[in-house]
Amino acid sequence: MILRLKEIRSVLEAAQTQSVSMRRRLMLYLFTIMLFFAFLIAMLLFLFGAIDPIGYEIERALSNQLENSVNSIEHQSNDQAAYVLAFSQQITAAVKDELSDAGITFNELRNTPDALESMQNRLFDIVSSNMKLAPCSGAFCFLKTTVNDALPDKSYNGLYLKFANLYAENTIHNDVCLFRGFSTVAREKNINLHSTWQLETQEGLFPEIDGEMSGKSESISGAFFLTSVYKLPDTWESVRFLCIPVLDSGGNTIGVCGFEISSLYFSLSHKTMGSGQAHIFCALLTEDSDCYVGQIAGNQSGYFPPIENSFSVENGSSLTTFHSGDTEFVGKTQELTIGTTAHMVAAMLPATEYQALVQTVRLKIAAFLFIASFAILASILWGSKKYVAPILKDLEQIKTNTDRTQSESHVLEIEDLFAFLAEQDREHEAALSALNQERLEAESRQERLQSKLEQTSSDLGSAQAEIARLAYSRKQEIDPDDFQYFLEGISQLTPTERKVFDLYLEGKNAKEIIAILGVTENTLKFHNKNIYNKLGVSSRKQLLRYATLMKQQEENDQQ
Amino acid sequence: MKKLCIFFLTIILLVGMTGCGNKVTNDPITLTMWHVYGSQTETPLNVMIDEFNQTKGKESGIVISVVSVTNSTAIDDALIASANNEPGAVPMPDLFTAYPRVAEEIGLDRLLDWSGYLSEEERSAYVDEFLAEGVIDGRLVMLPIAKSTELLFLNKTIFDRFAADTGVSEEELLHFESLFALCCQYYDWSGGAEMFQINDFYHYFLVNVSGLGGQFIRNGKPDLCSAEFEQAYLPMARAAIHGGLCTGDGYASDRWKTAEVISNIGSTAGMLYLRDYVTYQDNTTEEIETAVYPYPTFSDASPVVIQRGTGLFSMKSEDERKNRAAAIFGKWITQKEHNLDFVIASGYLPVTENAFSALFSNIDTIENEKSHMLYGAVDQMYGSYSFCPLPLYDASGEAQSRFEETAKSILSAAHRDYISRIERGDDPETVMSELLDSSLSEIQEAVER
């Protein structure tokens, strides 16, 4: 990732340093801006809770379902607990009355079928009415006695009634059948035997009830508990019991009564609402060795998960994973204590479905990003093309069209540029024309000067010849003192006088010197007079003679 | 550029179709089901449904979710309550098994017509009579998945003790005249226990009136005034009034558990509920041997036996996928190998011609002894018995249950009257004669009302 970022950075840097076309640069900027804003919007939406992390929706549905299921199970358990307390008290009173009427003790019930049958007949209405009142699939009252303790398999006598043909949580229309108890009681009460009826309940079948039978309780208040899940032998049913001890007047446990909550009843009572496409279901689980066993309530759609007997549970950071056989589920859990026993409520859904839902969300996001990116890219491509096209066209015009005044543009800045360039063109043309004129004039002047130069050169040659002749002829005539005075006088000349003197030496006449120095004739005469005085000459002719002599002398000195 | 656009648009379209839909593509169709196979015991149909869910269901994205397992009487009430949205009723299941008698009450137009989902070849695979039973107003609303008939079951262990003491024989069980006489004899021998139970008196009269040449259902209601009805009624009523023929509620399998009855005529599927032991009042148990016999007949009657069995109904759904899913399940459960597995485990008869012939040509290969006896007895009846389906008429279900309750109630009262009058010292034969007449009249009047 870091490498990839570095690569992008180097590309951007390269783009900045290298020559990049205007359109490409525009695209890059636009893309960067859009990316930045998309990121900013996403972050803001995320911060303000407008968008959720992947899987959050499912987790929220699981949390909601868990809360609903816990409430529903807790509410039902509270109802059952209230009924079971009264149930136990009614049984205690009925047993006491029956023993009193029969004139026997509780222990004398043992091995006495008639007395036990009579006891069951008395208890039947209590069991039956409590079963119909409480939210349950059955009710029982086991007594710590048996009809035949000579049998090898120890068992409890007592009544265990169940609703037959359960198909709804509402049991008001259901027939009652006898699951455990005397068949004669069933005949007396005009109910049928359960298909797997037995006369007594075998010890060891429900270990938690066995344990309660051998215990001693001072008070039944708060002594109720929800058992683990048991498979009823020879049936397709699994059940839990909400139990409470039945005490005699001495506080000794003489039995256990309570309600049956079959897995079917649990499922019918606590069906989950589901969430969209998710097959969320709930379970009431109880720890059993290394795993959890429990009851499952399917979903309103009819979905019921393929579950084996037990779950292994792995707690994760936000979700718990459940394994049942080869099937994996994910969900959320909450502890729930019912009476004296701890249980766990779970809301879950198949892991494959969770993964499919998460995958769908991911796919949706990917599709969204893909479509958005595509739209952005297409917009940038189109926009940059549309934006740059007139500029490129105008630039092309600039390259090809020499007449700026004819150039047109829809871009204001380029229109201004055209106007500016046209003005520049005009100025350049004027300058060029002036230069040409100047050149022509210079050429003509050059021609004139050339001819003049040639004339002057010719004159100069003649003059030099004359000077040489004069110098030669006058050399003998020149007074050396005067000449010395002349030479010393040169240093006395002012700069202007010297210029004039030099111009005379160059062969310029008075008219030319006036023109060159831009002075009047009088000024020149004034300068001449001063020069003559300082050099001790009386005429221009004498001056030139001494000057020529001086030049010759200098040339001779140099040689 | 254009090609690029087309490429991207195609990708977007594909993504939209595959990923952005609201449905999870592997979302299975769940069909809820109520059925009557197994009641409270471990049910073979649930085992088959598990197999379907793990195999064909998984492959086709169908889950059958069994919500309730009940019996054929209770399911009628529950279905009608749900169909009529009665207070406290729950939503109708997608699939249910029931007798055709509920179809009218639920509403034929609410039920799926299976024929729309069966090819000619598939239809022809079913036993014609079984398929015909599910056709109402030209619509195949009930798909046969298992059929049954009635047989006589006997707790041979106790009967043998009775026979040893009294010299009676099992052959006397084969004809109703001698069978009812045995009931009286057993009652006396056992000190007041009942020997025999007829699970369904309505069925008894339906087939025996027919066997005697009469017609039990006439003009859309039971006809109790025919000579044939009287001929079937009197020996039966004599056993009931004397004692020995049970007139209590519930199935015979109930009293079988405690040896309160030792024989009964009932559905072949009743075998599932007949234990191999009986439990006595002191919680001791005794292992017993069970014998199975063909349905008894009257000596001078043609042998007729009921053809019974619930079938599979599906609620017609607006979601066509549900209808197709129901059809897939219906076809799967009636495929030869699945149907044989199911019916043999539950004591029913298969519903397709090839499964039927496969079962009855290989009876000796059936390992379970009770099943072997069961299909052996059925095999004896095929060819010699006429099979009579339950007639369907207006409110036939209600008429059937009313007849059942009336007959049992009147005969029970007559039995109690008989016992008390005998105890008072009245002449048994005179009392019997009076009670036979009075009970017949009462039943006729009650049903006529």
# chains A, B, ... in the order shown; residues from 1 in each chain; ligands from 1
call {"tool": "residues_around", "arguments": {"residues": "B:Arg110", "least_positions_apart": "2", "cutoff": "10 Å", "atoms": "only C-alpha atoms", "output": "list in words"}}
result
Ala83, Ala103, Glu104, Ile106, Gly107, Leu108, Leu112, Asp113, Val141, Ser314, Met315, Lys316 and Ser317 of chain B
call {"tool": "write_last_selection", "arguments": {"atoms": "all heavy atoms", "output": "short mmCIF file (atom, residue, chain, number, x, y, z; two decimals), in the first residue's frame"}}
result
data_model
loop_
_atom_site.label_atom_id
_atom_site.label_comp_id
_atom_site.auth_asym_id
_atom_site.auth_seq_id
_atom_site.Cartn_x
_atom_site.Cartn_y
_atom_site.Cartn_z
N ALA B 83 -58.54 -21.67 8.11
CA ALA B 83 -59.11 -21.24 6.82
C ALA B 83 -60.17 -20.17 7.02
O ALA B 83 -60.33 -19.27 6.20
CB ALA B 83 -59.70 -22.45 6.09
N ALA B 103 -61.46 -30.24 1.96
CA ALA B 103 -61.19 -29.39 0.79
C ALA B 103 -62.30 -28.36 0.57
O ALA B 103 -62.02 -27.17 0.36
CB ALA B 103 -61.00 -30.25 -0.45
N GLU B 104 -63.54 -28.82 0.64
CA GLU B 104 -64.67 -27.92 0.40
C GLU B 104 -64.71 -26.82 1.46
O GLU B 104 -64.99 -25.67 1.16
CB GLU B 104 -65.99 -28.71 0.45
CG GLU B 104 -66.16 -29.72 -0.67
CD GLU B 104 -66.72 -29.11 -1.93
OE1 GLU B 104 -66.81 -27.87 -2.00
OE2 GLU B 104 -67.05 -29.88 -2.86
N ILE B 106 -62.26 -25.61 3.23
CA ILE B 106 -61.16 -24.64 3.08
C ILE B 106 -61.42 -23.76 1.87
O ILE B 106 -61.12 -22.57 1.88
CB ILE B 106 -59.81 -25.39 2.94
CG1 ILE B 106 -59.45 -26.04 4.28
CG2 ILE B 106 -58.69 -24.45 2.49
CD1 ILE B 106 -58.29 -26.99 4.22
N GLY B 107 -62.02 -24.36 0.86
CA GLY B 107 -62.28 -23.61 -0.37
C GLY B 107 -61.40 -24.18 -1.48
O GLY B 107 -60.18 -24.03 -1.43
N LEU B 108 -62.07 -24.81 -2.46
CA LEU B 108 -61.30 -25.47 -3.52
C LEU B 108 -60.39 -24.51 -4.27
O LEU B 108 -59.27 -24.86 -4.65
CB LEU B 108 -62.26 -26.13 -4.52
CG LEU B 108 -62.92 -27.43 -4.07
CD1 LEU B 108 -63.94 -27.88 -5.09
CD2 LEU B 108 -61.85 -28.51 -3.86
N LEU B 112 -54.09 -25.78 -4.32
CA LEU B 112 -53.33 -25.97 -5.56
C LEU B 112 -53.87 -27.16 -6.34
O LEU B 112 -54.15 -28.21 -5.75
CB LEU B 112 -51.86 -26.21 -5.19
CG LEU B 112 -50.88 -26.33 -6.35
CD1 LEU B 112 -50.64 -24.98 -7.00
CD2 LEU B 112 -49.54 -26.90 -5.86
N ASP B 113 -54.02 -26.98 -7.63
CA ASP B 113 -54.39 -28.09 -8.51
C ASP B 113 -53.09 -28.73 -8.97
O ASP B 113 -52.37 -28.19 -9.81
CB ASP B 113 -55.19 -27.55 -9.70
CG ASP B 113 -55.69 -28.67 -10.61
OD1 ASP B 113 -55.32 -29.84 -10.35
OD2 ASP B 113 -56.43 -28.37 -11.56
N VAL B 141 -56.83 -31.82 -6.13
CA VAL B 141 -56.40 -31.01 -4.99
C VAL B 141 -55.65 -31.83 -3.95
O VAL B 141 -54.96 -31.27 -3.09
CB VAL B 141 -57.59 -30.27 -4.33
CG1 VAL B 141 -58.15 -29.22 -5.25
CG2 VAL B 141 -58.66 -31.25 -3.89
N SER B 314 -51.78 -28.58 -0.97
CA SER B 314 -50.93 -27.38 -0.93
C SER B 314 -51.82 -26.17 -1.12
O SER B 314 -52.71 -26.16 -1.98
CB SER B 314 -49.89 -27.45 -2.05
OG SER B 314 -49.19 -26.23 -2.11
N MET B 315 -51.58 -25.16 -0.30
CA MET B 315 -52.31 -23.92 -0.49
C MET B 315 -51.77 -23.25 -1.75
O MET B 315 -50.56 -23.22 -1.96
CB MET B 315 -52.12 -22.98 0.71
CG MET B 315 -52.69 -23.50 2.00
SD MET B 315 -54.47 -23.85 1.92
CE MET B 315 -55.14 -22.20 1.84
N LYS B 316 -52.68 -22.78 -2.60
CA LYS B 316 -52.25 -22.13 -3.84
C LYS B 316 -51.64 -20.77 -3.46
O LYS B 316 -52.26 -19.98 -2.76
CB LYS B 316 -53.44 -21.93 -4.76
CG LYS B 316 -53.05 -21.54 -6.17
CD LYS B 316 -54.18 -21.77 -7.15
CE LYS B 316 -55.37 -20.89 -6.85
NZ LYS B 316 -56.50 -21.13 -7.71
N SER B 317 -50.42 -20.55 -3.92
CA SER B 317 -49.73 -19.31 -3.56
C SER B 317 -49.65 -18.38 -4.76
O SER B 317 -49.59 -18.83 -5.91
CB SER B 317 -48.32 -19.64 -3.06
OG SER B 317 -47.57 -18.48 -2.89
#
call {"tool": "residues_around", "arguments": {"residues": "A:Ser183", "least_positions_apart": "4", "cutoff": "10 Å", "atoms": "only C-alpha atoms", "output": "ChimeraX atom specification"}}
result
/A:117,178-179,187-189,191-193,197-199 /B:254-255,257-258,260,279-281
call {"tool": "write_last_selection", "arguments": {"atoms": "N, CA, C and O atoms", "output": "CSV table (one decimal), in the first residue's frame"}}
result
chain,number,residue,atom,x,y,z
A,117,GLU,N,-53.7,-44.0,42.8
A,117,GLU,CA,-54.7,-43.6,41.8
A,117,GLU,C,-55.6,-42.6,42.3
A,117,GLU,O,-56.0,-41.6,41.6
A,178,LEU,N,-52.6,-38.0,28.5
A,178,LEU,CA,-51.9,-38.4,29.7
A,178,LEU,C,-50.5,-39.0,29.3
A,178,LEU,O,-50.5,-40.0,28.6
A,179,PHE,N,-49.5,-38.3,29.7
A,179,PHE,CA,-48.1,-38.8,29.3
A,179,PHE,C,-47.6,-39.8,30.4
A,179,PHE,O,-47.0,-40.8,30.1
A,187,ARG,N,-59.0,-42.7,31.7
A,187,ARG,CA,-60.4,-43.1,31.4
A,187,ARG,C,-61.4,-42.3,32.2
A,187,ARG,O,-62.4,-41.9,31.7
A,188,GLU,N,-61.1,-42.2,33.5
A,188,GLU,CA,-62.0,-41.4,34.4
A,188,GLU,C,-62.2,-40.0,33.9
A,188,GLU,O,-63.3,-39.5,34.0
A,189,LYS,N,-61.1,-39.4,33.5
A,189,LYS,CA,-61.1,-38.0,33.1
A,189,LYS,C,-61.4,-37.8,31.6
A,189,LYS,O,-61.4,-36.7,31.0
A,191,ILE,N,-59.7,-38.7,28.9
A,191,ILE,CA,-58.7,-38.2,28.0
A,191,ILE,C,-57.9,-39.4,27.4
A,191,ILE,O,-58.0,-40.5,28.0
A,192,ASN,N,-57.1,-39.2,26.4
A,192,ASN,CA,-56.4,-40.3,25.8
A,192,ASN,C,-55.0,-40.4,26.4
A,192,ASN,O,-54.5,-39.4,27.0
A,193,LEU,N,-54.4,-41.6,26.2
A,193,LEU,CA,-53.0,-41.7,26.6
A,193,LEU,C,-52.1,-41.2,25.5
A,193,LEU,O,-52.5,-41.2,24.3
A,197,TRP,N,-47.1,-43.3,26.2
A,197,TRP,CA,-47.4,-43.3,27.6
A,197,TRP,C,-46.7,-44.3,28.4
A,197,TRP,O,-46.4,-45.5,27.9
A,198,GLN,N,-46.3,-44.0,29.6
A,198,GLN,CA,-45.8,-44.9,30.6
A,198,GLN,C,-46.5,-44.6,31.9
A,198,GLN,O,-47.0,-43.5,32.1
A,199,LEU,N,-46.6,-45.6,32.8
A,199,LEU,CA,-47.3,-45.3,34.1
A,199,LEU,C,-46.6,-44.4,35.0
A,199,LEU,O,-47.1,-43.5,35.6
B,254,ASP,N,-54.5,-47.0,22.2
B,254,ASP,CA,-54.5,-46.5,23.6
B,254,ASP,C,-54.7,-47.6,24.6
B,254,ASP,O,-54.0,-47.7,25.6
B,255,ARG,N,-55.8,-48.3,24.4
B,255,ARG,CA,-56.2,-49.4,25.3
B,255,ARG,C,-55.3,-50.6,25.1
B,255,ARG,O,-55.2,-51.5,26.0
B,257,LYS,N,-52.2,-50.6,25.0
B,257,LYS,CA,-51.0,-50.4,25.9
B,257,LYS,C,-51.2,-51.0,27.3
B,257,LYS,O,-50.2,-51.5,27.9
B,258,THR,N,-52.5,-51.0,27.7
B,258,THR,CA,-52.7,-51.5,29.1
B,258,THR,C,-53.6,-52.8,29.0
B,258,THR,O,-54.1,-53.2,30.0
B,260,GLU,N,-56.4,-53.2,27.9
B,260,GLU,CA,-57.8,-53.0,28.1
B,260,GLU,C,-58.6,-53.5,26.9
B,260,GLU,O,-59.8,-53.8,27.1
B,279,THR,N,-48.7,-52.8,29.8
B,279,THR,CA,-48.4,-52.3,31.2
B,279,THR,C,-49.6,-52.5,32.1
B,279,THR,O,-50.7,-52.1,31.7
B,280,TYR,N,-49.3,-53.0,33.2
B,280,TYR,CA,-50.4,-53.2,34.1
B,280,TYR,C,-50.4,-52.2,35.2
B,280,TYR,O,-49.5,-51.4,35.3
B,281,GLN,N,-51.5,-52.2,36.0
B,281,GLN,CA,-51.7,-51.1,37.0
B,281,GLN,C,-50.6,-51.0,38.1
B,281,GLN,O,-50.4,-50.0,38.6
call {"tool": "atom_distance", "arguments": {"atom1": "atom CA of A:Phe87", "atom2": "atom CA of A:Thr235"}}
result
26.6 Å
call {"tool": "residues_around", "arguments": {"residues": "A:Ala102", "least_positions_apart": "2", "cutoff": "12 Å", "atoms": "only C-alpha atoms", "output": "list in words"}}
result
Val95, Lys96, Asp97, Glu98, Leu99, Ser100, Ile104, Thr105, Phe106, Glu108, Leu109, Thr112, Asp114, Ala115, Leu116, Glu117, Ser118, Met119 and Arg122 of chain A
call {"tool": "interface_residues", "arguments": {"of": "chain A", "to": "chain B", "cutoff": "6 Å", "atoms": "only C-alpha atoms", "output": "PyMOL selection string"}}
result
chain A and resi 147+165+167+193+195+235-236+302-303+360+363-364
call {"tool": "residues_around", "arguments": {"residues": "stretch 406-423 of chain B", "least_positions_apart": "4", "cutoff": "9 Å", "atoms": "only C-alpha atoms", "output": "number ranges by chain"}}
result
B: 201, 237, 240-243, 246-249, 401-402, 427-428, 431-432, 435-436, 438-440, 442-443, 446-447
call {"tool": "residues_around", "arguments": {"residues": "A:Ala422", "least_positions_apart": "2", "cutoff": "12 Å", "atoms": "only C-alpha atoms", "output": "list in words"}}
result
Ile398, Asn401, Thr402, Asp403, Arg404, Thr405, Gln406, Ser407, Glu408, Ile414, Glu415, Asp416, Leu417, Phe418, Ala419, Phe420, Gln424, Asp425, Arg426, Glu427, His428 and Glu429 of chain A
call {"tool": "residues_around", "arguments": {"residues": "stretch 123-138 of chain B", "least_positions_apart": "4", "cutoff": "10 Å", "atoms": "only C-alpha atoms", "output": "count of residues only"}}
result
41
call {"tool": "residues_around", "arguments": {"residues": "B:Ser384", "least_positions_apart": "5", "cutoff": "9 Å", "atoms": "only C-alpha atoms", "output": "PyMOL selection string"}}
result
chain B and resi 302-304
call {"tool": "closest_residue", "arguments": {"among": "B:Gly220, B:Pro44, B:Gly211, B:Gly425", "to": "B:Ala269", "atoms": "only C-alpha atoms"}}
result
B:Pro44
call {"tool": "atom_distance", "arguments": {"atom1": "atom CA of A:Ser269", "atom2": "atom CA of A:Ala168"}}
result
8.0 Å
call {"tool": "select_by_dssp", "arguments": {"residues": "stretch 301-382 of chain B", "states": "alpha helix (DSSP H)", "output": "VMD selection string"}}
result
chain B and resid 320 to 333 336 to 346 353 to 360 369 to 381
call {"tool": "closest_residue", "arguments": {"among": "A:Leu377, A:Leu487, A:Ile261, A:Leu44", "to": "A:Ala134", "atoms": "only C-alpha atoms"}}
result
A:Ile261
call {"tool": "atom_distance", "arguments": {"atom1": "atom CA of A:Asp234", "atom2": "atom CA of A:Gln202"}}
result
13.5 Å
